[in-house]
file run11.pdb (PDB, C-alpha atoms, pLDDT in the B column)
ATOM      1  CA  MET I 235    -127.181 -55.633  57.795  1.00 73.00           C
ATOM      2  CA  SER I 236    -128.166 -54.709  54.264  1.00 82.00           C
ATOM      3  CA  ILE I 237    -131.419 -56.650  54.134  1.00 84.00           C
ATOM      4  CA  PRO I 238    -133.126 -55.035  57.169  1.00 86.00           C
ATOM      5  CA  VAL I 239    -132.053 -51.565  56.004  1.00 85.00           C
ATOM      6  CA  PHE I 240    -133.295 -52.273  52.496  1.00 87.00           C
ATOM      7  CA  TYR I 241    -136.678 -53.470  53.732  1.00 88.00           C
ATOM      8  CA  ALA I 242    -136.982 -50.552  56.144  1.00 90.00           C
ATOM      9  CA  THR I 243    -136.056 -47.863  53.611  1.00 90.00           C
ATOM     10  CA  GLY I 244    -136.633 -49.474  50.212  1.00 90.00           C
ATOM     11  CA  SER I 245    -133.323 -48.016  49.035  1.00 89.00           C
ATOM     12  CA  ARG I 246    -130.600 -50.327  47.806  1.00 91.00           C
ATOM     13  CA  ARG I 247    -128.112 -47.477  47.725  1.00 93.00           C
ATOM     14  CA  ARG I 248    -128.740 -46.585  51.380  1.00 92.00           C
ATOM     15  CA  ALA I 249    -128.566 -50.258  52.418  1.00 90.00           C
ATOM     16  CA  PHE I 250    -125.260 -50.715  50.601  1.00 92.00           C
ATOM     17  CA  GLY I 251    -123.813 -47.471  51.960  1.00 92.00           C
ATOM     18  CA  LEU I 252    -124.666 -48.241  55.579  1.00 91.00           C
ATOM     19  CA  SER I 253    -123.384 -51.800  55.242  1.00 90.00           C
ATOM     20  CA  PHE I 254    -120.152 -50.520  53.729  1.00 92.00           C
ATOM     21  CA  LEU I 255    -119.672 -48.041  56.579  1.00 90.00           C
ATOM     22  CA  SER I 256    -120.396 -50.781  59.091  1.00 89.00           C
ATOM     23  CA  GLY I 257    -117.810 -53.008  57.413  1.00 89.00           C
ATOM     24  CA  LEU I 258    -115.159 -50.296  57.699  1.00 89.00           C
ATOM     25  CA  SER I 259    -115.406 -50.299  61.487  1.00 89.00           C
ATOM     26  CA  GLU I 260    -113.379 -53.511  61.886  1.00 87.00           C
ATOM     27  CA  PRO I 261    -110.261 -52.535  59.942  1.00 92.00           C
ATOM     28  CA  LEU I 262    -110.358 -49.026  61.386  1.00 93.00           C
ATOM     29  CA  GLY I 263    -110.710 -50.436  64.906  1.00 90.00           C
ATOM     30  CA  ALA I 264    -107.817 -52.811  64.255  1.00 88.00           C
ATOM     31  CA  LEU I 265    -105.655 -49.934  63.046  1.00 93.00           C
ATOM     32  CA  VAL I 266    -106.473 -47.798  66.092  1.00 93.00           C
ATOM     33  CA  GLY I 267    -105.813 -50.764  68.394  1.00 87.00           C
ATOM     34  CA  TRP I 268    -102.483 -51.446  66.735  1.00 86.00           C
ATOM     35  CA  LEU I 269    -101.457 -47.788  66.949  1.00 93.00           C
ATOM     36  CA  VAL I 270    -102.283 -47.696  70.661  1.00 90.00           C
ATOM     37  CA  LEU I 271    -100.693 -51.049  71.543  1.00 86.00           C
ATOM     38  CA  ARG I 272     -97.774 -51.299  69.107  1.00 86.00           C
ATOM     39  CA  THR I 273     -95.172 -50.436  71.743  1.00 89.00           C
ATOM     40  CA  VAL I 274     -96.246 -53.232  74.108  1.00 89.00           C
ATOM     41  CA  LEU I 275     -97.159 -55.933  71.583  1.00 86.00           C
ATOM     42  CA  SER I 276     -94.874 -58.938  71.575  1.00 89.00           C
ATOM     43  CA  PRO I 277     -95.287 -62.292  69.838  1.00 88.00           C
ATOM     44  CA  SER I 278     -96.320 -63.864  73.171  1.00 89.00           C
ATOM     45  CA  LEU I 279     -98.923 -61.189  73.911  1.00 87.00           C
ATOM     46  CA  THR I 280    -100.248 -61.438  70.369  1.00 86.00           C
ATOM     47  CA  GLY I 281    -100.650 -65.219  70.770  1.00 89.00           C
ATOM     48  CA  VAL I 282    -102.482 -64.787  74.075  1.00 90.00           C
ATOM     49  CA  LEU I 283    -104.794 -62.171  72.564  1.00 86.00           C
ATOM     50  CA  PHE I 284    -105.542 -64.354  69.539  1.00 87.00           C
ATOM     51  CA  ALA I 285    -106.298 -67.304  71.828  1.00 92.00           C
ATOM     52  CA  ALA I 286    -108.640 -65.186  73.950  1.00 93.00           C
ATOM     53  CA  VAL I 287    -110.490 -63.875  70.911  1.00 90.00           C
ATOM     54  CA  ALA I 288    -110.790 -67.389  69.472  1.00 87.00           C
ATOM     55  CA  GLY I 289    -112.206 -68.656  72.755  1.00 90.00           C
ATOM     56  CA  ILE I 290    -114.731 -65.831  72.860  1.00 90.00           C
ATOM     57  CA  MET I 291    -115.791 -66.538  69.275  1.00 85.00           C
ATOM     58  CA  VAL I 292    -116.230 -70.258  69.971  1.00 84.00           C
ATOM     59  CA  TYR I 293    -118.280 -69.518  73.087  1.00 88.00           C
ATOM     60  CA  ILE I 294    -120.558 -67.069  71.296  1.00 82.00           C
ATOM     61  CA  SER I 295    -121.014 -69.446  68.371  1.00 78.00           C
ATOM     62  CA  LEU I 296    -121.927 -72.351  70.626  1.00 80.00           C
ATOM     63  CA  ASP I 297    -124.116 -70.192  72.834  1.00 85.00           C
ATOM     64  CA  GLU I 298    -126.129 -69.060  69.820  1.00 81.00           C
ATOM     65  CA  LEU I 299    -125.984 -72.065  67.491  1.00 77.00           C
ATOM     66  CA  LEU I 300    -126.790 -74.932  69.821  1.00 80.00           C
ATOM     67  CA  PRO I 301    -130.058 -73.571  71.269  1.00 83.00           C
ATOM     68  CA  THR I 302    -131.257 -72.623  67.789  1.00 80.00           C
ATOM     69  CA  ALA I 303    -130.283 -76.037  66.418  1.00 79.00           C
ATOM     70  CA  ARG I 304    -132.174 -77.774  69.216  1.00 80.00           C
ATOM     71  CA  GLU I 305    -135.221 -75.680  68.381  1.00 84.00           C
ATOM     72  CA  TYR I 306    -135.170 -76.998  64.820  1.00 82.00           C
ATOM     73  CA  GLY I 307    -134.148 -80.535  65.716  1.00 79.00           C
ATOM     74  CA  LYS I 308    -130.695 -80.333  64.118  1.00 75.00           C
ATOM     75  CA  ALA I 309    -128.455 -80.297  67.227  1.00 75.00           C
ATOM     76  CA  HIS I 310    -126.382 -83.325  66.206  1.00 82.00           C
ATOM     77  CA  GLN I 311    -125.686 -81.975  62.728  1.00 83.00           C
ATOM     78  CA  VAL I 312    -124.465 -78.692  64.211  1.00 79.00           C
ATOM     79  CA  LEU I 313    -122.177 -80.522  66.640  1.00 81.00           C
ATOM     80  CA  TYR I 314    -120.714 -82.579  63.785  1.00 87.00           C
ATOM     81  CA  GLY I 315    -120.135 -79.403  61.795  1.00 84.00           C
ATOM     82  CA  ILE I 316    -118.466 -77.670  64.729  1.00 81.00           C
ATOM     83  CA  ALA I 317    -116.211 -80.666  65.381  1.00 86.00           C
ATOM     84  CA  ALA I 318    -115.312 -80.898  61.682  1.00 91.00           C
ATOM     85  CA  GLY I 319    -114.530 -77.186  61.516  1.00 86.00           C
ATOM     86  CA  MET I 320    -112.308 -77.358  64.589  1.00 85.00           C
ATOM     87  CA  SER I 321    -110.538 -80.391  63.148  1.00 92.00           C
ATOM     88  CA  VAL I 322    -109.879 -78.644  59.840  1.00 92.00           C
ATOM     89  CA  MET I 323    -108.471 -75.627  61.690  1.00 85.00           C
ATOM     90  CA  ALA I 324    -106.241 -77.820  63.878  1.00 88.00           C
ATOM     91  CA  VAL I 325    -104.886 -79.753  60.887  1.00 91.00           C
ATOM     92  CA  SER I 326    -104.269 -76.546  58.931  1.00 90.00           C
ATOM     93  CA  LEU I 327    -102.333 -75.100  61.867  1.00 83.00           C
ATOM     94  CA  LEU I 328    -100.198 -78.231  62.046  1.00 88.00           C
ATOM     95  CA  LEU I 329     -99.517 -78.269  58.307  1.00 87.00           C
ATOM     96  CA  LEU I 330     -98.640 -74.588  58.085  1.00 80.00           C
ATOM     97  CA  LYS I 331     -96.198 -74.582  60.975  1.00 66.00           C
TER      98      LYS I 331
END

call {"tool": "encode", "arguments": {"input": "run11.pdb", "output": "structure tokens"}}
result
Amino acid sequence: MSIPVFYATGSRRRAFGLSFLSGLSEPLGALVGWLVLRTVLSPSLTGVLFAAVAGIMVYISLDELLPTAREYGKAHQVLYGIAAGMSVMAVSLLLLK
């Protein structure tokens, strides 16, 4: 977010400030969500929510990365990277259990 703001305004301070404020939205949103849902959150519900979010992130990544990779002729390299990343995550989950 910083680069477009910097090029639009020419101000590094403004670009940094707006990027910093944008970055605060995630932890603040997580805190508000936790405060609202803390009475109904259980380990099972937390696992289901994490799985849903992970699925959404994978879908969005594939939906954006694969068409762009095909455009540049690098579709196979992206698929190898995705498979390697998923494998690393799976192994780390098994080792940390």

call {"tool": "atom_distance", "arguments": {"input": "run11.pdb", "atom1": "CA of Arg248 in chain I", "atom2": "CA of Met235 in chain I"}}
result
11.2 Å

call {"tool": "atom_distance", "arguments": {"input": "run11.pdb", "atom1": "CA of Leu296 in chain I", "atom2": "CA of Val282 in chain I"}}
result
21.1 Å

call {"tool": "atom_distance", "arguments": {"input": "run11.pdb", "atom1": "CA of Met291 in chain I", "atom2": "CA of Gly251 in chain I"}}
result
27.0 Å

call {"tool": "residues_around", "arguments": {"input": "run11.pdb", "residues": "Ser295 in chain I", "least_positions_apart": "6", "cutoff": "12 Å", "atoms": "only C-alpha atoms", "output": "mmCIF file with C-alpha atoms, keeping the file's coordinate frame"}}
result
data_model
loop_
_atom_site.group_PDB
_atom_site.id
_atom_site.type_symbol
_atom_site.label_atom_id
_atom_site.label_comp_id
_atom_site.auth_asym_id
_atom_site.auth_seq_id
_atom_site.Cartn_x
_atom_site.Cartn_y
_atom_site.Cartn_z
ATOM 1 C CA ALA I 288 -110.790 -67.389 69.472
ATOM 2 C CA GLY I 289 -112.206 -68.656 72.755
ATOM 3 C CA PRO I 301 -130.058 -73.571 71.269
ATOM 4 C CA THR I 302 -131.257 -72.623 67.789
ATOM 5 C CA ALA I 303 -130.283 -76.037 66.418
ATOM 6 C CA VAL I 312 -124.465 -78.692 64.211
ATOM 7 C CA LEU I 313 -122.177 -80.522 66.640
ATOM 8 C CA GLY I 315 -120.135 -79.403 61.795
ATOM 9 C CA ILE I 316 -118.466 -77.670 64.729
#

call {"tool": "axis_aligned_box", "arguments": {"input": "run11.pdb", "around": "range 280-299 of chain I", "padding_each_side": "4 Å", "output": "JSON"}}
result
{"center_x": -113.2, "center_y": -66.9, "center_z": 70.8, "size_x": 33.9, "size_y": 18.9, "size_z": 14.6}

call {"tool": "closest_residue", "arguments": {"input": "run11.pdb", "among": "I:Phe250, I:Leu275, I:Tyr314, I:Val287", "to": "Leu300 in chain I", "atoms": "only C-alpha atoms"}}
result
I:Tyr314

call {"tool": "closest_residue", "arguments": {"input": "run11.pdb", "among": "I:Lys308, I:Val239, I:Leu330, I:Leu283", "to": "Leu271 in chain I", "atoms": "only C-alpha atoms"}}
result
I:Leu283

call {"tool": "decode", "arguments": {"input": "run11.pdb", "residues": "chain I", "atoms": "C-alpha atoms", "output": "PDB file, in the first residue's frame"}}
result
ATOM      1  CA  MET I 235       0.000   0.000   0.000  1.00  0.00           C
ATOM      2  CA  SER I 236       2.891   2.349   0.648  1.00  0.00           C
ATOM      3  CA  ILE I 237       4.212   2.499  -2.902  1.00  0.00           C
ATOM      4  CA  PRO I 238       1.000   3.713  -4.616  1.00  0.00           C
ATOM      5  CA  VAL I 239       0.444   6.308  -1.875  1.00  0.00           C
ATOM      6  CA  PHE I 240       4.038   7.474  -2.142  1.00  0.00           C
ATOM      7  CA  TYR I 241       3.832   7.857  -5.913  1.00  0.00           C
ATOM      8  CA  ALA I 242       0.461   9.594  -5.689  1.00  0.00           C
ATOM      9  CA  THR I 243       1.482  12.066  -2.978  1.00  0.00           C
ATOM     10  CA  GLY I 244       5.285  12.136  -3.094  1.00  0.00           C
ATOM     11  CA  SER I 245       5.336  11.980   0.707  1.00  0.00           C
ATOM     12  CA  ARG I 246       7.105   9.123   2.431  1.00  0.00           C
ATOM     13  CA  ARG I 247       5.675  10.158   5.778  1.00  0.00           C
ATOM     14  CA  ARG I 248       2.089  10.049   4.485  1.00  0.00           C
ATOM     15  CA  ALA I 249       2.700   6.694   2.760  1.00  0.00           C
ATOM     16  CA  PHE I 250       4.141   5.208   5.947  1.00  0.00           C
ATOM     17  CA  GLY I 251       1.372   6.640   8.127  1.00  0.00           C
ATOM     18  CA  LEU I 252      -1.449   5.325   5.952  1.00  0.00           C
ATOM     19  CA  SER I 253       0.218   1.927   5.645  1.00  0.00           C
ATOM     20  CA  PHE I 254       0.656   1.774   9.407  1.00  0.00           C
ATOM     21  CA  LEU I 255      -3.013   2.620   9.978  1.00  0.00           C
ATOM     22  CA  SER I 256      -4.017   0.011   7.424  1.00  0.00           C
ATOM     23  CA  GLY I 257      -1.865  -2.569   9.207  1.00  0.00           C
ATOM     24  CA  LEU I 258      -3.583  -1.842  12.521  1.00  0.00           C
ATOM     25  CA  SER I 259      -6.953  -2.905  11.133  1.00  0.00           C
ATOM     26  CA  GLU I 260      -6.181  -6.637  11.379  1.00  0.00           C
ATOM     27  CA  PRO I 261      -5.214  -6.840  15.051  1.00  0.00           C
ATOM     28  CA  LEU I 262      -7.992  -4.435  16.001  1.00  0.00           C
ATOM     29  CA  GLY I 263     -10.510  -6.485  14.012  1.00  0.00           C
ATOM     30  CA  ALA I 264      -9.252  -9.661  15.675  1.00  0.00           C
ATOM     31  CA  LEU I 265      -9.643  -8.085  19.107  1.00  0.00           C
ATOM     32  CA  VAL I 266     -13.190  -6.911  18.366  1.00  0.00           C
ATOM     33  CA  GLY I 267     -14.071 -10.343  16.961  1.00  0.00           C
ATOM     34  CA  TRP I 268     -12.679 -12.071  20.024  1.00  0.00           C
ATOM     35  CA  LEU I 269     -14.547  -9.735  22.376  1.00  0.00           C
ATOM     36  CA  VAL I 270     -17.821 -10.402  20.558  1.00  0.00           C
ATOM     37  CA  LEU I 271     -17.371 -14.174  20.223  1.00  0.00           C
ATOM     38  CA  ARG I 272     -15.418 -15.103  23.359  1.00  0.00           C
ATOM     39  CA  THR I 273     -18.454 -16.568  25.120  1.00  0.00           C
ATOM     40  CA  VAL I 274     -19.262 -18.998  22.292  1.00  0.00           C
ATOM     41  CA  LEU I 275     -15.741 -19.903  21.157  1.00  0.00           C
ATOM     42  CA  SER I 276     -14.721 -23.473  21.837  1.00  0.00           C
ATOM     43  CA  PRO I 277     -11.687 -25.403  20.609  1.00  0.00           C
ATOM     44  CA  SER I 278     -13.888 -27.177  18.030  1.00  0.00           C
ATOM     45  CA  LEU I 279     -15.388 -23.937  16.713  1.00  0.00           C
ATOM     46  CA  THR I 280     -11.949 -22.350  16.580  1.00  0.00           C
ATOM     47  CA  GLY I 281     -10.653 -25.296  14.516  1.00  0.00           C
ATOM     48  CA  VAL I 282     -13.590 -25.049  12.112  1.00  0.00           C
ATOM     49  CA  LEU I 283     -13.077 -21.301  11.717  1.00  0.00           C
ATOM     50  CA  PHE I 284      -9.347 -21.718  11.098  1.00  0.00           C
ATOM     51  CA  ALA I 285     -10.058 -24.410   8.497  1.00  0.00           C
ATOM     52  CA  ALA I 286     -12.591 -22.183   6.738  1.00  0.00           C
ATOM     53  CA  VAL I 287     -10.206 -19.236   6.661  1.00  0.00           C
ATOM     54  CA  ALA I 288      -7.385 -21.444   5.368  1.00  0.00           C
ATOM     55  CA  GLY I 289      -9.627 -22.764   2.607  1.00  0.00           C
ATOM     56  CA  ILE I 290     -10.629 -19.244   1.617  1.00  0.00           C
ATOM     57  CA  MET I 291      -6.988 -18.146   1.529  1.00  0.00           C
ATOM     58  CA  VAL I 292      -5.979 -21.117  -0.631  1.00  0.00           C
ATOM     59  CA  TYR I 293      -8.851 -20.453  -3.032  1.00  0.00           C
ATOM     60  CA  ILE I 294      -8.021 -16.767  -3.382  1.00  0.00           C
ATOM     61  CA  SER I 295      -4.332 -17.521  -3.865  1.00  0.00           C
ATOM     62  CA  LEU I 296      -5.013 -20.085  -6.570  1.00  0.00           C
ATOM     63  CA  ASP I 297      -7.658 -17.930  -8.208  1.00  0.00           C
ATOM     64  CA  GLU I 298      -5.201 -15.052  -8.508  1.00  0.00           C
ATOM     65  CA  LEU I 299      -1.849 -16.801  -8.930  1.00  0.00           C
ATOM     66  CA  LEU I 300      -2.626 -19.414 -11.551  1.00  0.00           C
ATOM     67  CA  PRO I 301      -4.125 -17.108 -14.210  1.00  0.00           C
ATOM     68  CA  THR I 302      -1.265 -14.646 -13.749  1.00  0.00           C
ATOM     69  CA  ALA I 303       1.304 -17.447 -13.935  1.00  0.00           C
ATOM     70  CA  ARG I 304      -0.247 -18.747 -17.148  1.00  0.00           C
ATOM     71  CA  GLU I 305      -0.035 -15.252 -18.600  1.00  0.00           C
ATOM     72  CA  TYR I 306       3.716 -15.218 -18.006  1.00  0.00           C
ATOM     73  CA  GLY I 307       4.298 -18.852 -18.908  1.00  0.00           C
ATOM     74  CA  LYS I 308       5.244 -19.955 -15.386  1.00  0.00           C
ATOM     75  CA  ALA I 309       2.178 -22.045 -14.429  1.00  0.00           C
ATOM     76  CA  HIS I 310       4.141 -25.208 -13.624  1.00  0.00           C
ATOM     77  CA  GLN I 311       6.607 -23.394 -11.381  1.00  0.00           C
ATOM     78  CA  VAL I 312       3.737 -21.855  -9.417  1.00  0.00           C
ATOM     79  CA  LEU I 313       2.070 -25.250  -8.995  1.00  0.00           C
ATOM     80  CA  TYR I 314       5.337 -26.750  -7.731  1.00  0.00           C
ATOM     81  CA  GLY I 315       5.704 -23.880  -5.278  1.00  0.00           C
ATOM     82  CA  ILE I 316       2.139 -24.265  -4.036  1.00  0.00           C
ATOM     83  CA  ALA I 317       2.567 -28.020  -3.584  1.00  0.00           C
ATOM     84  CA  ALA I 318       5.881 -27.506  -1.767  1.00  0.00           C
ATOM     85  CA  GLY I 319       4.359 -24.883   0.517  1.00  0.00           C
ATOM     86  CA  MET I 320       1.416 -27.118   1.383  1.00  0.00           C
ATOM     87  CA  SER I 321       3.794 -30.000   2.057  1.00  0.00           C
ATOM     88  CA  VAL I 322       5.942 -27.902   4.384  1.00  0.00           C
ATOM     89  CA  MET I 323       2.835 -26.786   6.282  1.00  0.00           C
ATOM     90  CA  ALA I 324       1.544 -30.367   6.575  1.00  0.00           C
ATOM     91  CA  VAL I 325       4.893 -31.669   7.842  1.00  0.00           C
ATOM     92  CA  SER I 326       5.213 -28.805  10.329  1.00  0.00           C
ATOM     93  CA  LEU I 327       1.737 -29.556  11.677  1.00  0.00           C
ATOM     94  CA  LEU I 328       2.660 -33.210  12.118  1.00  0.00           C
ATOM     95  CA  LEU I 329       5.953 -32.418  13.843  1.00  0.00           C
ATOM     96  CA  LEU I 330       4.484 -29.850  16.212  1.00  0.00           C
ATOM     97  CA  LYS I 331       1.603 -31.998  17.397  1.00  0.00           C
TER      98      LYS I 331
END
